Each structure stands twice: as C-alpha cells, then as structure tokens.
>>> print(open('input_32.txt').read())   # compact mmCIF, C-alpha atoms (C1' of nucleotides)
# COMPACT_ATOMS: atom_id res chain seq x y z
CA MET A 1 0.00 0.00 0.00
CA LYS A 2 1.81 3.06 -1.24
CA LEU A 3 0.80 6.50 -2.36
CA PRO A 4 2.53 7.95 -5.44
CA VAL A 5 5.40 10.31 -4.66
CA SER A 6 3.50 13.01 -6.49
CA THR A 7 1.10 13.10 -3.55
CA GLU A 8 3.68 15.01 -1.55
CA TRP A 9 4.29 17.28 -4.52
CA VAL A 10 0.69 18.35 -5.02
CA LEU A 11 0.05 18.75 -1.31
CA HIS A 12 2.96 21.17 -1.06
CA CYS A 13 2.03 22.91 -4.31
CA ALA A 14 -1.56 23.37 -3.16
CA THR A 15 -0.26 24.85 0.09
CA THR A 16 1.95 27.16 -1.92
CA LEU A 17 -0.90 28.30 -4.15
CA ALA A 18 -2.97 28.98 -1.06
CA GLN A 19 -0.39 31.57 -0.03
CA LEU A 20 -0.82 33.68 -3.16
CA GLU A 21 -3.00 36.75 -3.22
CA PRO A 22 -6.49 36.03 -4.56
CA GLY A 23 -6.49 35.84 -8.36
CA ALA A 24 -2.74 35.42 -8.73
CA THR A 25 -1.39 32.36 -10.52
CA ALA A 26 1.81 30.30 -10.55
CA SER A 27 2.97 28.28 -13.54
CA ALA A 28 4.05 24.66 -13.43
CA ALA A 29 7.62 25.71 -14.22
CA GLN A 30 7.66 28.08 -11.26
CA LEU A 31 6.38 25.45 -8.87
CA ALA A 32 8.83 22.88 -10.23
CA ALA A 33 11.76 25.23 -9.67
CA TYR A 34 10.47 26.11 -6.23
CA TYR A 35 10.62 22.47 -5.09
CA ASP A 36 13.25 21.12 -7.54
CA LEU A 37 10.86 18.70 -9.21
CA PRO A 38 10.65 17.31 -12.79
CA ALA A 39 8.56 19.96 -14.48
CA PRO A 40 6.69 17.87 -17.11
CA TYR A 41 5.57 15.25 -14.63
CA LEU A 42 4.51 17.84 -12.08
CA ALA A 43 2.46 19.57 -14.76
CA LYS A 44 0.67 16.33 -15.48
CA GLN A 45 -0.29 15.92 -11.83
CA LEU A 46 -1.49 19.51 -11.57
CA GLN A 47 -3.75 18.80 -14.51
CA SER A 48 -5.48 16.06 -12.58
CA LEU A 49 -6.09 18.55 -9.79
CA VAL A 50 -7.80 20.76 -12.34
CA LYS A 51 -9.94 17.87 -13.55
CA ALA A 52 -10.87 17.17 -9.95
CA GLY A 53 -12.01 20.76 -9.50
CA VAL A 54 -9.39 21.62 -6.88
CA LEU A 55 -7.34 23.97 -9.05
CA ALA A 56 -8.26 26.30 -11.90
CA ALA A 57 -5.87 26.93 -14.79
CA THR A 58 -5.55 29.88 -17.12
CA THR A 59 -3.58 29.38 -20.31
CA GLY A 60 -1.48 31.83 -22.25
CA PRO A 61 1.33 34.16 -21.16
CA ARG A 62 1.29 35.02 -17.43
CA GLY A 63 -1.11 32.13 -17.00
CA GLY A 64 -0.82 29.30 -14.54
CA PHE A 65 -2.66 27.59 -11.70
CA ARG A 66 -4.64 28.96 -8.79
CA LEU A 67 -7.02 27.49 -6.23
CA ALA A 68 -10.48 26.88 -7.62
CA ARG A 69 -12.05 27.71 -4.24
CA PRO A 70 -11.14 29.41 -0.96
CA ALA A 71 -8.47 27.49 0.96
CA ALA A 72 -10.92 26.78 3.77
CA GLU A 73 -13.11 24.79 1.39
CA ILE A 74 -10.36 22.55 0.02
CA THR A 75 -9.61 19.49 2.13
CA LEU A 76 -6.48 17.39 2.08
CA LEU A 77 -8.63 14.45 1.03
CA GLN A 78 -9.70 16.21 -2.16
CA VAL A 79 -6.07 16.87 -3.06
CA VAL A 80 -4.91 13.34 -2.29
CA GLU A 81 -7.76 11.63 -4.12
CA ALA A 82 -7.26 13.86 -7.14
CA VAL A 83 -3.92 12.21 -7.85
CA ASP A 84 -4.50 8.75 -6.40
CA GLY A 85 -8.18 8.14 -7.04
CA ALA A 86 -10.91 7.54 -4.50
CA SER A 87 -11.04 3.76 -4.58
CA SER A 88 -10.40 1.73 -1.46
CA PRO A 89 -6.98 0.05 -1.19
CA TYR A 90 -8.71 -3.22 -0.29
CA GLU A 91 -10.66 -4.74 -3.15
CA CYS A 92 -13.01 -7.57 -2.22
CA ARG A 93 -13.02 -10.15 -4.98
CA GLU A 94 -15.51 -12.42 -3.24
CA ILE A 95 -13.25 -15.39 -2.87
CA ARG A 96 -15.76 -16.67 -0.32
CA GLN A 97 -17.92 -17.61 -3.31
CA ARG A 98 -15.18 -19.57 -5.07
CA GLY A 99 -13.48 -22.91 -4.57
CA ARG A 100 -14.55 -25.96 -2.61
CA GLY A 101 -15.62 -23.84 0.35
CA ALA A 102 -17.81 -21.55 -1.73
CA LEU A 103 -20.74 -20.16 0.20
CA PRO A 104 -24.23 -20.42 -1.32
CA PRO A 105 -25.49 -17.08 -2.73
CA GLN A 106 -28.13 -16.76 -0.03
CA ASP A 107 -25.33 -16.47 2.56
CA CYS A 108 -23.74 -13.61 0.60
CA ARG A 109 -26.64 -11.18 0.54
CA ASP A 110 -24.80 -8.67 2.72
CA THR A 111 -21.16 -7.78 2.22
CA CYS A 112 -18.31 -9.90 3.51
CA VAL A 113 -17.47 -9.17 7.15
CA LEU A 114 -13.79 -8.73 6.34
CA ALA A 115 -14.53 -6.35 3.48
CA ALA A 116 -16.77 -4.32 5.78
CA LYS A 117 -14.04 -3.99 8.38
CA MET A 118 -11.51 -2.93 5.78
CA ALA A 119 -13.99 -0.37 4.46
CA ASP A 120 -14.44 0.97 7.98
CA ALA A 121 -10.70 1.54 8.24
CA HIS A 122 -10.63 3.33 4.90
CA ASP A 123 -13.51 5.53 6.00
CA ALA A 124 -11.60 6.48 9.14
CA TRP A 125 -8.64 7.43 6.96
CA ARG A 126 -10.78 9.54 4.66
CA ARG A 127 -12.56 11.21 7.54
CA THR A 128 -9.26 12.31 9.06
CA LEU A 129 -8.09 13.88 5.82
CA ALA A 130 -11.47 15.43 5.08
CA ALA A 131 -11.40 17.19 8.45
CA GLU A 132 -8.29 19.16 7.50
CA SER A 133 -8.40 22.04 5.03
CA LEU A 134 -5.62 23.97 3.35
CA ALA A 135 -6.55 26.92 5.56
CA ASP A 136 -5.79 24.77 8.62
CA VAL A 137 -2.38 23.96 7.19
CA LEU A 138 -1.67 27.62 6.52
CA ALA A 139 -2.59 28.48 10.10
CA ALA A 140 0.13 26.12 11.31
CA LEU A 141 2.80 27.91 9.29
CA PRO A 142 4.77 30.92 10.54
CA PRO A 143 3.08 34.23 9.64
CA THR A 144 6.04 35.24 7.50
CA ALA A 145 5.64 32.26 5.17
CA PRO A 146 3.28 33.77 2.55
CA ALA A 147 5.47 36.81 1.86
CA ARG A 148 8.55 34.61 1.58
CA THR A 149 6.80 32.17 -0.73
CA ARG A 150 5.55 34.89 -3.06
CA SER A 151 8.93 36.53 -3.41
CA LEU A 152 10.76 33.25 -4.05
CA LEU A 153 8.16 32.16 -6.60
CA ALA A 154 8.47 35.45 -8.45
CA ALA A 155 12.21 34.86 -8.85
CA THR A 156 11.41 32.29 -11.55
CA ALA A 157 8.74 34.32 -13.33
CA SER A 158 11.00 35.80 -16.00
CA PRO A 159 12.76 33.35 -18.36
CA SER A 160 15.74 35.68 -18.70
CA ARG A 161 16.77 34.94 -15.13
CA ARG A 162 19.14 31.97 -15.06
CA THR A 163 21.31 31.07 -12.09
CA PRO A 164 24.16 28.61 -12.90
CA MET B 1 -2.70 3.24 -3.00
CA LYS B 2 -3.50 -0.43 -3.35
CA LEU B 3 -3.18 -3.48 -1.16
CA PRO B 4 -1.99 -6.72 -2.77
CA VAL B 5 -4.73 -9.19 -3.69
CA SER B 6 -3.15 -11.64 -1.30
CA THR B 7 -4.44 -9.47 1.53
CA GLU B 8 -7.90 -10.84 0.98
CA TRP B 9 -6.47 -14.35 0.78
CA VAL B 10 -4.67 -14.28 4.09
CA LEU B 11 -7.53 -12.57 5.88
CA HIS B 12 -9.88 -15.34 4.80
CA CYS B 13 -7.31 -18.06 5.50
CA ALA B 14 -6.68 -16.72 8.98
CA THR B 15 -10.42 -16.71 9.59
CA THR B 16 -10.56 -20.29 8.35
CA LEU B 17 -7.73 -21.41 10.60
CA ALA B 18 -9.48 -19.76 13.52
CA GLN B 19 -12.37 -22.17 13.01
CA LEU B 20 -10.25 -25.30 13.50
CA GLU B 21 -10.11 -27.13 16.80
CA PRO B 22 -7.10 -26.07 18.91
CA GLY B 23 -3.92 -27.78 17.74
CA ALA B 24 -5.31 -28.85 14.36
CA THR B 25 -3.54 -27.68 11.22
CA ALA B 26 -4.40 -27.07 7.57
CA SER B 27 -1.88 -27.30 4.76
CA ALA B 28 -1.36 -24.65 2.10
CA ALA B 29 -2.76 -27.07 -0.49
CA GLN B 30 -5.94 -27.54 1.52
CA LEU B 31 -6.48 -23.82 1.92
CA ALA B 32 -5.74 -23.20 -1.75
CA ALA B 33 -8.34 -25.76 -2.80
CA TYR B 34 -10.81 -24.32 -0.34
CA TYR B 35 -10.65 -20.88 -1.97
CA ASP B 36 -9.51 -21.87 -5.47
CA LEU B 37 -6.20 -20.02 -5.22
CA PRO B 38 -2.75 -20.71 -6.74
CA ALA B 39 -1.21 -22.99 -4.13
CA PRO B 40 2.49 -22.01 -4.33
CA TYR B 41 1.78 -18.30 -4.18
CA LEU B 42 -0.60 -18.70 -1.28
CA ALA B 43 2.08 -20.70 0.54
CA LYS B 44 4.46 -17.82 0.07
CA GLN B 45 2.06 -15.41 1.72
CA LEU B 46 1.33 -17.77 4.59
CA GLN B 47 5.06 -17.91 5.23
CA SER B 48 5.16 -14.19 5.80
CA LEU B 49 2.41 -14.62 8.35
CA VAL B 50 4.64 -17.14 10.10
CA LYS B 51 7.55 -14.70 10.05
CA ALA B 52 5.26 -12.05 11.53
CA GLY B 53 4.33 -14.38 14.37
CA VAL B 54 0.66 -14.64 13.43
CA LEU B 55 0.74 -18.26 12.29
CA ALA B 56 2.79 -21.26 13.34
CA ALA B 57 3.85 -23.94 10.86
CA THR B 58 4.63 -27.60 11.45
CA THR B 59 6.43 -29.49 8.73
CA GLY B 60 6.38 -33.14 7.75
CA PRO B 61 3.44 -35.43 7.00
CA ARG B 62 0.12 -34.21 8.44
CA GLY B 63 1.73 -30.84 9.05
CA GLY B 64 0.45 -27.40 8.07
CA PHE B 65 -0.47 -24.02 9.50
CA ARG B 66 -2.30 -23.02 12.64
CA LEU B 67 -2.82 -19.81 14.58
CA ALA B 68 0.17 -18.90 16.72
CA ARG B 69 -2.11 -17.41 19.37
CA PRO B 70 -5.76 -17.45 20.43
CA ALA B 71 -8.02 -15.81 17.85
CA ALA B 72 -8.93 -13.05 20.30
CA GLU B 73 -5.30 -11.95 20.41
CA ILE B 74 -4.82 -11.66 16.65
CA THR B 75 -5.95 -8.38 15.13
CA LEU B 76 -6.76 -7.71 11.51
CA LEU B 77 -3.96 -5.16 11.51
CA GLN B 78 -1.37 -7.82 12.33
CA VAL B 79 -2.57 -9.96 9.45
CA VAL B 80 -2.66 -7.09 6.95
CA GLU B 81 0.74 -5.70 7.92
CA ALA B 82 2.28 -9.16 7.74
CA VAL B 83 1.75 -9.24 3.98
CA ASP B 84 1.94 -5.55 3.15
CA GLY B 85 4.44 -4.20 5.67
CA ALA B 86 3.85 -1.62 8.37
CA SER B 87 5.15 1.45 6.59
CA SER B 88 2.91 4.44 5.99
CA PRO B 89 1.57 4.86 2.44
CA TYR B 90 2.68 8.49 2.51
CA GLU B 91 6.44 8.90 2.55
CA CYS B 92 7.71 12.39 3.36
CA ARG B 93 10.82 13.10 1.28
CA GLU B 94 11.32 16.56 2.72
CA ILE B 95 10.86 18.44 -0.51
CA ARG B 96 10.40 21.54 1.64
CA GLN B 97 14.18 21.48 2.09
CA ARG B 98 14.93 21.31 -1.62
CA GLY B 99 14.76 23.71 -4.54
CA ARG B 100 14.64 27.46 -4.61
CA GLY B 101 12.08 27.61 -1.84
CA ALA B 102 14.10 25.41 0.51
CA LEU B 103 13.47 26.18 4.14
CA PRO B 104 16.47 26.72 6.43
CA PRO B 105 17.16 23.71 8.72
CA GLN B 106 16.12 25.67 11.79
CA ASP B 107 12.57 25.84 10.43
CA CYS B 108 12.48 22.06 9.96
CA ARG B 109 13.14 20.96 13.54
CA ASP B 110 9.69 19.45 13.88
CA THR B 111 8.06 17.33 11.19
CA CYS B 112 6.31 18.81 8.19
CA VAL B 113 2.69 19.77 8.90
CA LEU B 114 1.46 17.85 5.87
CA ALA B 115 3.39 14.73 6.83
CA ALA B 116 1.95 14.95 10.33
CA LYS B 117 -1.61 15.12 9.00
CA MET B 118 -1.02 12.17 6.70
CA ALA B 119 0.44 10.23 9.61
CA ASP B 120 -2.65 11.02 11.67
CA ALA B 121 -4.82 9.53 8.94
CA HIS B 122 -2.70 6.40 8.79
CA ASP B 123 -2.91 6.06 12.56
CA ALA B 124 -6.69 6.24 12.36
CA TRP B 125 -6.62 3.45 9.77
CA ARG B 126 -4.36 1.28 11.88
CA ARG B 127 -6.40 1.90 15.02
CA THR B 128 -9.56 0.73 13.29
CA LEU B 129 -7.95 -2.52 12.17
CA ALA B 130 -6.21 -3.05 15.49
CA ALA B 131 -9.56 -2.84 17.28
CA GLU B 132 -10.89 -5.90 15.45
CA SER B 133 -9.70 -9.41 16.25
CA LEU B 134 -10.25 -12.69 14.46
CA ALA B 135 -12.54 -13.68 17.32
CA ASP B 136 -14.74 -10.69 16.52
CA VAL B 137 -14.96 -11.82 12.92
CA LEU B 138 -15.89 -15.34 13.98
CA ALA B 139 -18.66 -13.96 16.18
CA ALA B 140 -20.21 -12.30 13.13
CA LEU B 141 -20.38 -15.62 11.25
CA PRO B 142 -23.30 -18.05 11.51
CA PRO B 143 -22.79 -20.65 14.30
CA THR B 144 -22.77 -23.47 11.76
CA ALA B 145 -19.73 -22.08 9.94
CA PRO B 146 -16.93 -23.85 11.86
CA ALA B 147 -18.37 -27.34 11.39
CA ARG B 148 -18.94 -26.69 7.69
CA THR B 149 -15.43 -25.30 7.24
CA ARG B 150 -13.78 -28.26 8.95
CA SER B 151 -15.62 -30.84 6.92
CA LEU B 152 -14.94 -29.09 3.61
CA LEU B 153 -11.28 -28.66 4.46
CA ALA B 154 -10.95 -32.33 5.33
CA ALA B 155 -12.22 -33.26 1.88
CA THR B 156 -8.82 -32.30 0.49
CA ALA B 157 -6.73 -33.91 3.21
CA SER B 158 -6.06 -37.23 1.46
CA PRO B 159 -4.21 -37.07 -1.88
CA SER B 160 -6.10 -40.15 -3.09
CA ARG B 161 -9.32 -38.16 -3.22
CA ARG B 162 -9.65 -36.59 -6.64
CA THR B 163 -12.89 -35.16 -7.96
CA PRO B 164 -12.89 -34.69 -11.76
C1' DC C 1 16.83 -47.30 13.20
C1' DC C 2 15.93 -46.32 8.43
C1' DT C 3 13.35 -44.88 4.56
C1' DA C 4 9.81 -42.70 2.00
C1' DT C 5 6.88 -39.01 1.58
C1' DC C 6 4.79 -35.00 2.74
C1' DT C 7 5.52 -30.37 4.39
C1' DC C 8 7.64 -25.73 4.62
C1' DG C 9 11.28 -22.53 3.00
C1' DG C 10 13.59 -19.54 -0.03
C1' DA C 11 15.34 -18.62 -4.79
C1' DC C 12 13.93 -17.66 -9.44
C1' DT C 13 11.17 -15.93 -13.59
C1' DA C 14 7.35 -13.36 -16.01
C1' DA C 15 3.68 -9.88 -16.13
C1' DA C 16 1.47 -5.72 -14.72
C1' DT C 17 1.54 -1.13 -13.10
C1' DA C 18 3.35 3.11 -11.73
C1' DG C 19 6.86 6.67 -12.77
C1' DA C 20 8.69 9.75 -15.96
C1' DT C 21 9.33 12.02 -20.46
C1' DC C 22 8.45 13.93 -24.91
C1' DC C 23 5.86 16.03 -28.66
C1' DG C 24 2.08 18.41 -31.02
C1' DC C 25 -2.24 21.26 -30.36
C1' DA C 26 -5.26 24.99 -28.43
C1' DA C 27 -5.73 29.34 -26.13
C1' DT C 28 -4.51 33.99 -24.58
C1' DA C 29 -2.09 38.35 -23.40
C1' DT C 30 1.32 41.38 -25.20
C1' DA D 1 1.42 38.02 -35.09
C1' DT D 2 4.15 35.89 -31.74
C1' DA D 3 5.54 33.96 -27.71
C1' DT D 4 4.10 31.66 -23.59
C1' DT D 5 1.29 28.65 -21.13
C1' DG D 6 -1.84 24.71 -20.24
C1' DC D 7 -3.75 20.31 -22.22
C1' DG D 8 -3.85 15.54 -24.00
C1' DG D 9 -1.88 11.68 -26.09
C1' DA D 10 1.74 8.31 -27.16
C1' DT D 11 5.95 6.31 -25.49
C1' DC D 12 9.68 4.38 -22.70
C1' DT D 13 11.70 2.67 -18.39
C1' DA D 14 11.83 0.75 -13.76
C1' DT D 15 9.86 -1.03 -9.75
C1' DT D 16 6.61 -3.89 -7.75
C1' DT D 17 3.56 -7.68 -7.85
C1' DA D 18 2.01 -12.16 -9.31
C1' DG D 19 3.14 -16.68 -10.07
C1' DT D 20 6.33 -20.95 -10.47
C1' DC D 21 9.95 -23.97 -9.23
C1' DC D 22 13.16 -26.93 -6.72
C1' DG D 23 15.61 -28.13 -2.42
C1' DA D 24 15.91 -28.72 2.98
C1' DG D 25 13.80 -30.67 6.91
C1' DA D 26 10.74 -33.31 9.66
C1' DT D 27 7.44 -36.88 10.74
C1' DA D 28 5.04 -41.45 10.29
C1' DG D 29 5.40 -46.04 9.27
C1' DG D 30 8.08 -50.20 8.62
>>> encode(input="input_32.txt", output="structure tokens")
Amino acid sequence: MKLPVSTEWVLHCATTLAQLEPGATASAAQLAAYYDLPAPYLAKQLQSLVKAGVLAATTGPRGGFRLARPAAEITLLQVVEAVDGASSPYECREIRQRGRGALPPQDCRDTCVLAAKMADAHDAWRRTLAAESLADVLAALPPTAPARTRSLLAATASPSRRTP
Amino acid sequence: MKLPVSTEWVLHCATTLAQLEPGATASAAQLAAYYDLPAPYLAKQLQSLVKAGVLAATTGPRGGFRLARPAAEITLLQVVEAVDGASSPYECREIRQRGRGALPPQDCRDTCVLAAKMADAHDAWRRTLAAESLADVLAALPPTAPARTRSLLAATASPSRRTP
DNA sequence: CCTATCTCGGACTAAATAGATCCGCAATAT
DNA sequence: ATATTGCGGATCTATTTAGTCCGAGATAGG
C-alpha cells in the first residue's frame, strides 16, 4: 500500500498556491523550480487537480494555476484523491464464493465481514483527511511564510533569469 | 494506493484457521483448494504470516499451518501488515528542504505539517484494524460455519481423493 | 533405526503497473 | 502576429507484484 510520490508534490504545491494573493497564478515551471521537481511530470499531476475541481488553470502568457475555491473549502482528502483516485486500497473479490468452500449465494446477501471492516478503516482514513483544510495547514505555518513564498516564486517568473 | 490481492487471501485463510479445533492444522494445499487459489503463491504469503508471528507452521506429513495465538489476540492489523508491511503509504521526502524555496534547517526541527496530517490519517486506519480481532470476525459468522469449514477442508486432506 | 513421503522454505522468472518524459495542439495576453 | 502557457496523447523505463519452481527438513510407518 503506497501513495505515489506526487502526492507530496501536489500537497505542497496546493499549500503554496494557497499563499498567493487572490487571483494570482503560478505556472508549473515556477512550482517545479520552487521544489526542484521534474517539471513535465509535475504539470501532469497539476492537470489532474484541475480535472478534480481543486485547481483552476488559465492558459497563455502570465497564465498558470490557482485554487479553484477558498483554501478553507479545500480538504487534504480532495487533493490526495485527485492524484490517487478515490477507490479503497482493499478490493473484495468475493473469494468466499469460489473454490470448494464456496458459500451459497443466499449467505452472501450482505457484504463480507472482512470487506466491511476494511472499508471501515478506509472511512476512518478519509474522515481524518477530510477534516483538515488547506486553511488549517496555513494556520500552522509561521506568519512570515506567505510573503517569503511569493517573493521566491516570483524569482522564476521571468525566463531571462538563469542562475548557474 | 492499493493493497496486494493476497491481503484478501490471508484474511480469509486466517479466519478459516481460527475455526479449527485447537492444535489442528491445515496445509497450504488444503487452503488453496478451499478458496480456489494458486497454491504455491498462497504458501508464500502464509510464510510471511509465520515470520510475523501470526501463524505457526509444522512441517512433515500431516503438518500445516495453525494460529500462533488465540483468535482473540490476533488483530486484523497484524494480518494485513504481515503481507503488506507496516510502513505508511505516505512517505515524506522533505521536498520543503529542496529547490529554490528550501526552508532553512532551523525551520524544519519538527516534522512537516502535511506529513503529520497524513500520519494522523494512517494512525486512524491502523487503530480501526487493530480494534478488530479474528474472534470478533468469527462472532459475526453463523454458528454453523466452523463445522462446515472443517468438513470441507478435510475433503482435500487425502491425496487419493480426486474429484474430476 | 531407516526410509519414503509429505511439508515448509527460499530462490527464481514473467507480467502488470506506476513513474517519468516527450511532442504536437489549443488558447490567450502582449 | 508571436511567444508563452496549459492540455492531451503516445511512449519508454523501472519497480513492484504475481506466479512458479526446486531443495531442505521433519514426521510417520516399517
């Protein structure tokens, strides 16, 4: 059971975008430079956040990504499931109905006990992440963070700047 | 984020072994026939349960697997983590310390807020599975299940029995 | 006490899936 | 009109998972 590494990327990028002034955008190249990440792959992941309705993208020069909603209305669960999907890690394939020990269909009207317990655990996981919003994360950061983030992001805005 | 398919196998097999009389064993071949599973691969997974201390194995003729402890003292979490490992699905690679936006080490003395939230979610998942024992699962099954299981398992005990 | 056979145990091979990259197309502000 | 940016597809590699095989060890029966 493993989440893709891009989960950490998009969580941090969403936190970064939440620190921008309303309406401002950051491009995929800026975010990639900010965290030293492979730009094309990061862009692909940000696109899935757009499809999930977490981010909004504007194309063209000076375009980029911004939060689709206020930070208080975006939960960590929405970000995580945008890149990893919402399906449960445990998939019940009904092996209780196969083989020599197969149960008759009348005994399988309600879901398998084991599958139910695994679903309970997944629900607990989702509930924990759904209870935390990007605004909560921002509140845990030092008050100087947004200004610092904005200035460091802007350092990559112009393509003429190149630091060897 | 996906658990191996063998997770379902070992959960059901552990439940099956919990229905045997104390001291009785079932071989990997018996369990594989019971659930129509590939026998060698199932054996491999049962071995990891032995290494994790959940099952005990006795070799030689009439040998096989049995629970290493009473069913009430074996949690679903122990079974799941025996095949999938105990590591968290979210791995923090400290990207906050890399790239242009890298934070100074003094700001990273305590763990990343995002990593902490993801760890909280994983703890909630583990707690849910740790609260459920094999005995609890047995209690949710019909009272006739153990007798049925034992008789169907025994049908594969002798290699001379072959049903075309 | 010895042998035959049944069991686990770990090493080995193939398939699937995730990770990562590249290129062409559409859209927009300068 | 042009340059810059997001968007989607096709492609390639690497890691993990799924599945198979053969050998070591132990017990039951002679």
>>> closest_atom_pairs(input="input_32.txt", of="chain C", to="chain A", cutoff="10 Å", atoms="only C-alpha atoms (C1' of nucleotides)", output="Markdown table")
| residue | atom | partner | partner_atom | distance |
| --- | --- | --- | --- | --- |
| C:DA18 | C1' | A:Pro4 | CA | 8.0 |
| C:DG19 | C1' | A:Pro4 | CA | 8.6 |
| C:DA20 | C1' | A:Tyr41 | CA | 6.5 |
| C:DT21 | C1' | A:Pro40 | CA | 7.2 |
| C:DC22 | C1' | A:Pro40 | CA | 8.9 |
| C:DA26 | C1' | A:Thr59 | CA | 9.4 |
| C:DA27 | C1' | A:Thr59 | CA | 6.2 |
| C:DT28 | C1' | A:Gly60 | CA | 4.4 |
| C:DA29 | C1' | A:Pro61 | CA | 5.9 |
| C:DT30 | C1' | A:Pro61 | CA | 8.3 |
>>> closest_residue(input="input_32.txt", among="A:Arg69, A:Arg109, A:Lys44, A:His12", to="chain D", atoms="only C-alpha atoms (C1' of nucleotides)")
A:Lys44
>>> residues_near_point(input="input_32.txt", point="(-10.8, -16.6, 0.4)", cutoff="6 Å", atoms="only C-alpha atoms (C1' of nucleotides)", output="ChimeraX atom specification")
/A:95-96 /B:9,12,35
>>> interface_residues(input="input_32.txt", of="chain A", to="chain D", cutoff="12 Å", atoms="all atoms listed in the file", output="NGL selection string")
:A and (1-2 or 25-30 or 40 or 43-48 or 50-51 or 56-65 or 157-159)
>>> residues_around(input="input_32.txt", residues="B:Gly53", least_positions_apart="4", cutoff="10 Å", atoms="all atoms listed in the file", output="list in words")
Gln47, Ser48, Leu49, Leu67, Ala68, Arg69, Ile74, Gln78, Val79 and Ala82 of chain B
